[in-house]
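Participant: Here it is, the structure, as structure tokens.
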Amino acid sequence: MKTIRKVYFHLMVRKFEEVWDSEEYKRDRAENGKAPELAFVNPDEAILKRLQAKFQDENIYNKDYVKYLETKDREKSVWKENKEDINVILKMYDEATKDNDKIGNVIRQHGFDTLRGREENNEILRIQDIVYYIYSYPIPNKSAIESLEYVLSQYSAKYVKYPDKKPINKFKEDKNYVDKIQGVIQIYVKDGKTKVEKNQLPEKYDKYMQGIKDIDEIIIKVAKKPALELQKTRCENLIRELGENVSEYEKTYSMDENGVRQFPLSRRLIDNIIIEFLKVQTGFKEENETKYFDNHQYKDSNIVRNYLLWYIKRQKGIDIPSKSERGLFNRLEKIGKDIRVTTVLNDWITSKSAIKVRNIRKISNLIDEVYENYRDNSDF
């Protein structure tokens, strides 16, 4: 029996990457004098307690989740621009998943296979990878979307009250301009020369105005992948699996009595990830390039962005790559760097697709000002 338990412990040790000849282990042995009497303790418990102690040790991990993640998966590193956000999110997640022994999912490396080996070695982990990890392994008694909303609760979502829309010049406002958003008022700013919009909402939504940073400020970077590898990416997995899960899909788009999303933080971050993923994979932009459709930098008034998010909501996702030549992803890929409202609209007009009319109508409905005022001339 002792032999079996020793063999089992050895396998568990390998699983948790406790490498005996590492400098970390040598230092541990030097400090403690000898290895623990493993045959007389629960192997799982011994490993987890040891990992917890190392995580809290200021000379080893010092409660740094990014350092812990990178050490436990030596072939991965975390993108420097996301380190702060990933630390915040993983801390919230780990605290919320602690068991009776006060050890959470991150310390026990629960579900870490999702972050290992799905893509190439020496991969750089980014915020979208952590989002997919938490989506795949939600907090107990919470759904996947509820879990994401919880771990993002320290961020603000200012777009809830102040949509990220292009300010309207008071003196150049088109007389035919019609604001299609209900429950919106316009506030004059900068000496009355321009005005921005504010949603009229009760005070309870003021909480979305405060946070360590805004959800739109989380930097998203996507690596370009060959078409045959797209379905291996966590971005594609997130888009597809969310569309396939009826309850999570409906929940993520659900609205409250005031027309505000019930999960505004998680839905916004997912939308931002989707748009950046499509921009890079369709060839509209390089992965290190900053570029907007029509050079229109405002998220909530960008026609192509809003159209793509509408399409994905209606179709419950988007085939990546398309299953047929008429699929939207392939259409966007053919347009590539020239994706803008006019080229997307023209592509549908010349299409023989059975769903062309609804797509043309949607784009048309999103256009609410003269195009030359909408786009930035520096883009052409």
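Ligands are numbered from 1 in the order shown, chains are lettered A, B, ... in the order of the structure tokens, and residues start at 1 in each chain.
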Please identify all polymer residues within 10 Å of Gln52 in chain A, counting only C-alpha atoms, omitting same-chain residues fewer than 6 positions from it, and present them as a VMD selection string.

Facilitator: chain A and resid 46 61 63 102 to 104 107 to 108

Participant: At a cut-off of 6 Å, using only C-alpha atoms, what residues contact range 329-343 of chain A? Leave out same-chain residues fewer than 4 positions from it and give the result as a PyMOL selection string.

Facilitator: chain A and resi 282-284+293-294+304+322

Participant: Name all residues at most 12 Å from Gln315 in chain A (count only C-alpha atoms; drop same-chain ones fewer than 3 positions away) and give them as JSON, numbers by chain.

Facilitator: {"A": [239, 240, 242, 243, 244, 249, 308, 309, 310, 311, 312, 318, 319, 327, 328, 355, 359]}

Participant: Need the shell around Arg358 in chain A: protein/DNA/RNA residues with any atom at most 12 Å away, counting only C-alpha atoms. Skip same-chain ones fewer than 2 positions apart. Format as a PyMOL selection string?

Facilitator: chain A and resi 307+310-311+314+345+348-349+353-356+360-365

Participant: Write a file of the just-selected residues containing C-alpha atoms, as a PDB file, in the first residue's frame.

Facilitator:
```
ATOM      1  CA  TYR A 307     -22.645  45.869 -37.483  1.00  0.00           C
ATOM      2  CA  TRP A 310     -24.957  42.713 -34.328  1.00  0.00           C
ATOM      3  CA  TYR A 311     -24.203  39.959 -36.865  1.00  0.00           C
ATOM      4  CA  ARG A 314     -27.930  37.380 -34.428  1.00  0.00           C
ATOM      5  CA  LEU A 345     -22.144  47.521 -47.732  1.00  0.00           C
ATOM      6  CA  TRP A 348     -23.604  42.736 -49.538  1.00  0.00           C
ATOM      7  CA  ILE A 349     -25.280  44.676 -52.338  1.00  0.00           C
ATOM      8  CA  SER A 353     -26.697  35.497 -50.338  1.00  0.00           C
ATOM      9  CA  ALA A 354     -30.169  34.751 -49.040  1.00  0.00           C
ATOM     10  CA  ILE A 355     -29.553  37.014 -46.033  1.00  0.00           C
ATOM     11  CA  LYS A 356     -28.275  40.031 -47.973  1.00  0.00           C
ATOM     12  CA  ILE A 360     -27.999  45.776 -45.976  1.00  0.00           C
ATOM     13  CA  ARG A 361     -30.922  47.067 -43.910  1.00  0.00           C
ATOM     14  CA  LYS A 362     -28.926  46.817 -40.673  1.00  0.00           C
ATOM     15  CA  ILE A 363     -25.944  48.724 -42.037  1.00  0.00           C
ATOM     16  CA  SER A 364     -28.274  51.339 -43.490  1.00  0.00           C
ATOM     17  CA  ASN A 365     -30.002  51.773 -40.131  1.00  0.00           C
TER      18      ASN A 365
END
```

Participant: Neighbours of range 225-231 of chain A within 9 Å (only C-alpha atoms; same-chain residues fewer than 5 positions away dropped), as a ChimeraX atom specification?

Facilitator: /A:119,236-237,280-281,320-321

Participant: Restricting it to C-alpha atoms, dump the selection as a PDB file, in the first residue's frame.

Facilitator:
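Contents of part-v2.pdb, as written:
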```pdb
ATOM      1  CA  GLU A 119      -1.236  26.725 -29.050  1.00  0.00           C
ATOM      2  CA  GLU A 236     -12.204  31.418 -31.646  1.00  0.00           C
ATOM      3  CA  ASN A 237     -13.063  28.924 -28.914  1.00  0.00           C
ATOM      4  CA  VAL A 280      -6.147  40.972 -37.239  1.00  0.00           C
ATOM      5  CA  GLN A 281      -7.313  37.636 -38.660  1.00  0.00           C
ATOM      6  CA  ILE A 320     -13.916  31.143 -38.492  1.00  0.00           C
ATOM      7  CA  PRO A 321     -12.932  30.418 -41.175  1.00  0.00           C
TER       8      PRO A 321
END
```

Participant: Write out as number ranges by chain each polymer residue whose atoms come within 7 Å of range 141-152 of chain A, counting only C-alpha atoms; drop sequence neighbours fewer than 3 positions from it.

Facilitator: A: 89, 92-93, 134-135, 138, 155, 248, 252, 263, 265-266

Participant: Deliver the residues from the most recent selection as a file, using C-alpha atoms, as a short mmCIF file (atom, residue, chain, number, x, y, z; two decimals), in the first residue's frame.

Facilitator:
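Result written to part07.cif:
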```cif
data_model
loop_
_atom_site.label_atom_id
_atom_site.label_comp_id
_atom_site.auth_asym_id
_atom_site.auth_seq_id
_atom_site.Cartn_x
_atom_site.Cartn_y
_atom_site.Cartn_z
CA ILE A 89 -8.32 39.21 -12.35
CA MET A 92 -10.27 37.87 -7.67
CA TYR A 93 -10.79 34.46 -9.26
CA ILE A 134 -12.26 31.60 -16.36
CA TYR A 135 -15.14 31.10 -18.81
CA PRO A 138 -16.36 29.27 -13.61
CA TYR A 155 -13.14 47.99 -13.37
CA GLU A 248 -24.79 31.69 -21.34
CA THR A 252 -24.57 37.73 -21.74
CA PHE A 263 -23.32 42.06 -17.40
CA LEU A 265 -18.21 44.52 -17.97
CA SER A 266 -17.88 40.98 -19.32
#
```

Participant: I need the residues of range 123-366 of chain A that end up classed as strand (DSSP E) by DSSP on the backbone, written out as JSON, numbers by chain.

Facilitator: {"A": [123, 124, 125, 168, 169, 184, 185, 186, 187, 188, 189, 194, 195, 196, 197, 198, 199]}

Participant: Could you please take those selected residues and save N, CA and C atoms as a PDB file, in the first residue's frame?

Facilitator:
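Saved to result06.pdb:
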```pdb
ATOM      1  N   GLU A 123       4.495  30.543 -26.280  1.00  0.00           N
ATOM      2  CA  GLU A 123       3.358  31.421 -26.520  1.00  0.00           C
ATOM      3  C   GLU A 123       3.307  32.497 -25.446  1.00  0.00           C
ATOM      4  N   ILE A 124       2.870  33.667 -25.832  1.00  0.00           N
ATOM      5  CA  ILE A 124       2.665  34.746 -24.888  1.00  0.00           C
ATOM      6  C   ILE A 124       1.197  34.764 -24.486  1.00  0.00           C
ATOM      7  N   LEU A 125       0.926  34.617 -23.199  1.00  0.00           N
ATOM      8  CA  LEU A 125      -0.446  34.619 -22.714  1.00  0.00           C
ATOM      9  C   LEU A 125      -0.934  36.060 -22.588  1.00  0.00           C
ATOM     10  N   ILE A 168     -20.483  65.630 -31.287  1.00  0.00           N
ATOM     11  CA  ILE A 168     -21.092  66.305 -32.427  1.00  0.00           C
ATOM     12  C   ILE A 168     -20.767  67.786 -32.379  1.00  0.00           C
ATOM     13  N   ASN A 169     -20.201  68.306 -33.455  1.00  0.00           N
ATOM     14  CA  ASN A 169     -19.882  69.733 -33.525  1.00  0.00           C
ATOM     15  C   ASN A 169     -21.173  70.527 -33.614  1.00  0.00           C
ATOM     16  N   VAL A 184     -31.680  59.298 -24.256  1.00  0.00           N
ATOM     17  CA  VAL A 184     -30.375  59.946 -24.312  1.00  0.00           C
ATOM     18  C   VAL A 184     -30.552  61.453 -24.292  1.00  0.00           C
ATOM     19  N   ILE A 185     -29.717  62.134 -23.559  1.00  0.00           N
ATOM     20  CA  ILE A 185     -29.693  63.583 -23.600  1.00  0.00           C
ATOM     21  C   ILE A 185     -28.326  64.007 -24.084  1.00  0.00           C
ATOM     22  N   GLN A 186     -28.221  65.243 -24.557  1.00  0.00           N
ATOM     23  CA  GLN A 186     -26.956  65.739 -25.074  1.00  0.00           C
ATOM     24  C   GLN A 186     -26.448  66.854 -24.174  1.00  0.00           C
ATOM     25  N   ILE A 187     -25.183  66.790 -23.815  1.00  0.00           N
ATOM     26  CA  ILE A 187     -24.581  67.746 -22.902  1.00  0.00           C
ATOM     27  C   ILE A 187     -23.524  68.548 -23.647  1.00  0.00           C
ATOM     28  N   TYR A 188     -23.571  69.853 -23.533  1.00  0.00           N
ATOM     29  CA  TYR A 188     -22.584  70.704 -24.177  1.00  0.00           C
ATOM     30  C   TYR A 188     -21.286  70.699 -23.374  1.00  0.00           C
ATOM     31  N   VAL A 189     -20.190  70.562 -24.061  1.00  0.00           N
ATOM     32  CA  VAL A 189     -18.878  70.585 -23.427  1.00  0.00           C
ATOM     33  C   VAL A 189     -17.956  71.474 -24.243  1.00  0.00           C
ATOM     34  N   THR A 194     -18.998  71.596 -28.845  1.00  0.00           N
ATOM     35  CA  THR A 194     -19.317  70.198 -29.137  1.00  0.00           C
ATOM     36  C   THR A 194     -20.214  69.663 -28.036  1.00  0.00           C
ATOM     37  N   LYS A 195     -20.830  68.556 -28.274  1.00  0.00           N
ATOM     38  CA  LYS A 195     -21.659  67.945 -27.246  1.00  0.00           C
ATOM     39  C   LYS A 195     -21.510  66.430 -27.283  1.00  0.00           C
ATOM     40  N   VAL A 196     -21.564  65.857 -26.106  1.00  0.00           N
ATOM     41  CA  VAL A 196     -21.468  64.409 -25.980  1.00  0.00           C
ATOM     42  C   VAL A 196     -22.799  63.915 -25.427  1.00  0.00           C
ATOM     43  N   GLU A 197     -23.001  62.613 -25.474  1.00  0.00           N
ATOM     44  CA  GLU A 197     -24.266  62.043 -25.043  1.00  0.00           C
ATOM     45  C   GLU A 197     -24.149  61.352 -23.698  1.00  0.00           C
ATOM     46  N   LYS A 198     -25.213  61.443 -22.946  1.00  0.00           N
ATOM     47  CA  LYS A 198     -25.273  60.781 -21.650  1.00  0.00           C
ATOM     48  C   LYS A 198     -26.593  60.046 -21.536  1.00  0.00           C
ATOM     49  N   ASN A 199     -26.539  58.776 -21.181  1.00  0.00           N
ATOM     50  CA  ASN A 199     -27.760  58.012 -20.972  1.00  0.00           C
ATOM     51  C   ASN A 199     -28.402  58.428 -19.652  1.00  0.00           C
TER      52      ASN A 199
END
```

Participant: Name all residues at most 10 Å from Asp206 in chain A (count only C-alpha atoms; drop same-chain ones fewer than 3 positions away) and give them as a list in words.

Facilitator: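 After dropping sequence-adjacent residues, the list is Ser156, Ala157, Lys158, Val160, Lys161, Leu201, Pro202, Glu203, Met209 and Gln210 of chain A.
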
Participant: What is the distance between CA of Val66 in chain A and CA of Lys221 in chain A, in Å to one decimal?

Facilitator: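 So the two atoms, CA of Val66 in chain A and CA of Lys221 in chain A, lie 17.5 Å apart.
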
Participant: Which residue gives the smallest distance to Thr233 in chain A among A:Lys316, A:Lys251, A:His296, A:Arg116, with only C-alpha atoms counted?

Facilitator: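 The answer is A:Arg116, which sits nearest to Thr233 in chain A.
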
Participant: What is the CA of Lys213 in chain A to CA of Asn82 in chain A distance in Å?

Facilitator: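 CA of Lys213 in chain A sits 12.8 Å away from CA of Asn82 in chain A.
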
Participant: Using only C-alpha atoms, which of A:Val222, A:Leu115, A:Val131, A:Ile139 sits nearest Asp85 in chain A?

Facilitator: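 Looking at the shortest contact to Asp85 in chain A, the residue is A:Val131.
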
Participant: Would you please work out which residue, of A:Arg126, A:Tyr205, A:Asp300, A:Asp216, is nearest to Val78 in chain A when using only C-alpha atoms?

Facilitator: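 Once distances to Val78 in chain A are computed over only C-alpha atoms, the minimum belongs to A:Arg126.
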
Participant: For the structure I just gave you, how does DSSP split range 229-322 of chain A - specifically, which residues are alpha helix (DSSP H)? Reply as number ranges by chain.

Facilitator: A: 234-244, 246-252, 264-281, 303-315

Participant: Separation of CA of Pro264 in chain A and CA of Pro140 in chain A, in Å?

Facilitator: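 These atoms are spaced 21.0 Å apart.
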